[in-house]
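> One structure is given below, represented as structure tokens, and several questions about it will come after.
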Amino acid sequence: MTPVRFCRTLVRRRHHLPAIGDFWEKVLFNTAVYNGRAMEVHRRLHRREPLTAAHFSRWVQLWDDAVDARHDGPVAELAKAQAARIAVAIQRNLSAVGDAASQRAELSLRPAAARSR
Ligand code: HEM
């Protein structure tokens with residue numbers, strides 16, 4: 001499945017928007033309770049269709065563009081930094097599922113400093 005089709009799937013699932021709202025409210029302001037299902041949700045997706053470096057790169061790019069188009073200031077910067085960090089965390093978690101594609105995805109997104117360690 002192409003990255004764009006994946007993103008469309010996400011947008012179509014409007015019933016998940018409240019969960020995603022809670023997730024970001026918790027990440028950015030710590031003012032919501034989020035049930036923490038995100039890892040499991042992406043693991044399930046990954047088993048169905050491996051999530052690759054291209055998917056995560058595109059996701060992060062779309063997220064950064066969306067944030068930049070609507071917001072600026074310290075919270076906007078935090079939203080972009082946290083998204084990149086969480087994208088790496090999800091990929092690391094997926095690579096534990098043992099898929100070679102996701103391991104490549106993780107390597108290509110890891111910051112240069114971390115890679116040289
Ligand atoms: C390859 C990149 C990604 C794809 C294709 C993707 C796709 C999806 C899809 C299809 C769902 C709905 C799944 C379902 O419930 O059936 C979902 C849920 C969600 N995603 Fe992602 N996602 C990606 C990356 C990310 C990242 C980087 C974050 C966080 C920074 C994130 C945060 C979430 C959250 C919070 C939910 C809601 C989970 C819940 O129901 O509690 N996703 N994603």
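For the structure tokens, the naming scheme is as follows: chains receive sequential letters (A, B, ...) according to their order of presentation, residues are indexed from 1 within each chain, and ligands are indexed from 1 in presentation order.
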Give me the residues within 9 Å of Gln82 (chain A) as a list in words, counting only C-alpha atoms and dropping any in the same chain fewer than 4 places off.

Val27, Leu28, Glu77, Leu78, Ile86 and Ala87 of chain A

> How would the residues just chosen look if you wrote them out with C-alpha atoms as a PDB file, in the first residue's frame?


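The result, written out as again27.pdb:
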```
ATOM      1  CA  VAL A  27       1.670  14.831  24.522  1.00  0.00           C
ATOM      2  CA  LEU A  28       1.586  18.625  24.207  1.00  0.00           C
ATOM      3  CA  GLU A  77       7.957  23.186  17.437  1.00  0.00           C
ATOM      4  CA  LEU A  78       7.262  20.720  20.238  1.00  0.00           C
ATOM      5  CA  ILE A  86       7.360   9.065  18.490  1.00  0.00           C
ATOM      6  CA  ALA A  87       7.698   7.965  14.847  1.00  0.00           C
TER       7      ALA A  87
END
```

> Just give me the gap between CA of Arg5 (chain A) and CA of Asp22 (chain A) in Å, one decimal is fine.

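Value for the CA of Arg5 (chain A)-CA of Asp22 (chain A) distance: 24.1 Å.
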
> Taking only C-alpha atoms and all ligand atoms into account, which of A:Asn35, A:Ala76, A:Glu25, A:Ala81 comes nearest ligand 1?

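Of the candidates, the smallest distance to ligand 1 is held by A:Asn35.
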
> Using only C-alpha atoms, determine which residues lie at most 10 Å from Ala38 (chain A), disregarding the query and same-chain residues fewer than 4 positions distant; provide the list as JSON, numbers by chain.

{"A": [19, 20, 23, 34, 42, 43, 44, 90]}

> Give me, as a PyMOL selection string, the residues of region 37-104 of chain A that a backbone DSSP run labels alpha helix (DSSP H).

chain A and resi 38-48+53-70+74-95+100-104

> Using only C-alpha atoms and all ligand atoms, which of the listed residues (A:Trp24, A:Phe29, A:Trp63, A:Phe56) sits closest to ligand 1?

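Distance minimum relative to ligand 1 lands on A:Phe56.
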
> Looking at only C-alpha atoms and all ligand atoms, which of A:Arg37, A:Asp68, A:Gln61, A:Pro18 is the one that sits closest to ligand 1?

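Going through A:Arg37, A:Asp68, A:Gln61, A:Pro18 one by one, the smallest distance to ligand 1 is for A:Arg37.
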
> Compare A:Ala83, A:Ala69, A:Leu17, A:Ala53 by their minimum atom-to-atom distance to ligand 1, counting only C-alpha atoms and all ligand atoms, and give me the closest one.

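Using only C-alpha atoms and all ligand atoms, ligand 1 sits closest to A:Ala83.
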
> Can you measure atom 43 (N, counted along the ligand's line) of ligand 1 to CA of His71 (chain A) for me? One decimal in Å is fine.

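These two atoms are separated by 22.0 Å.
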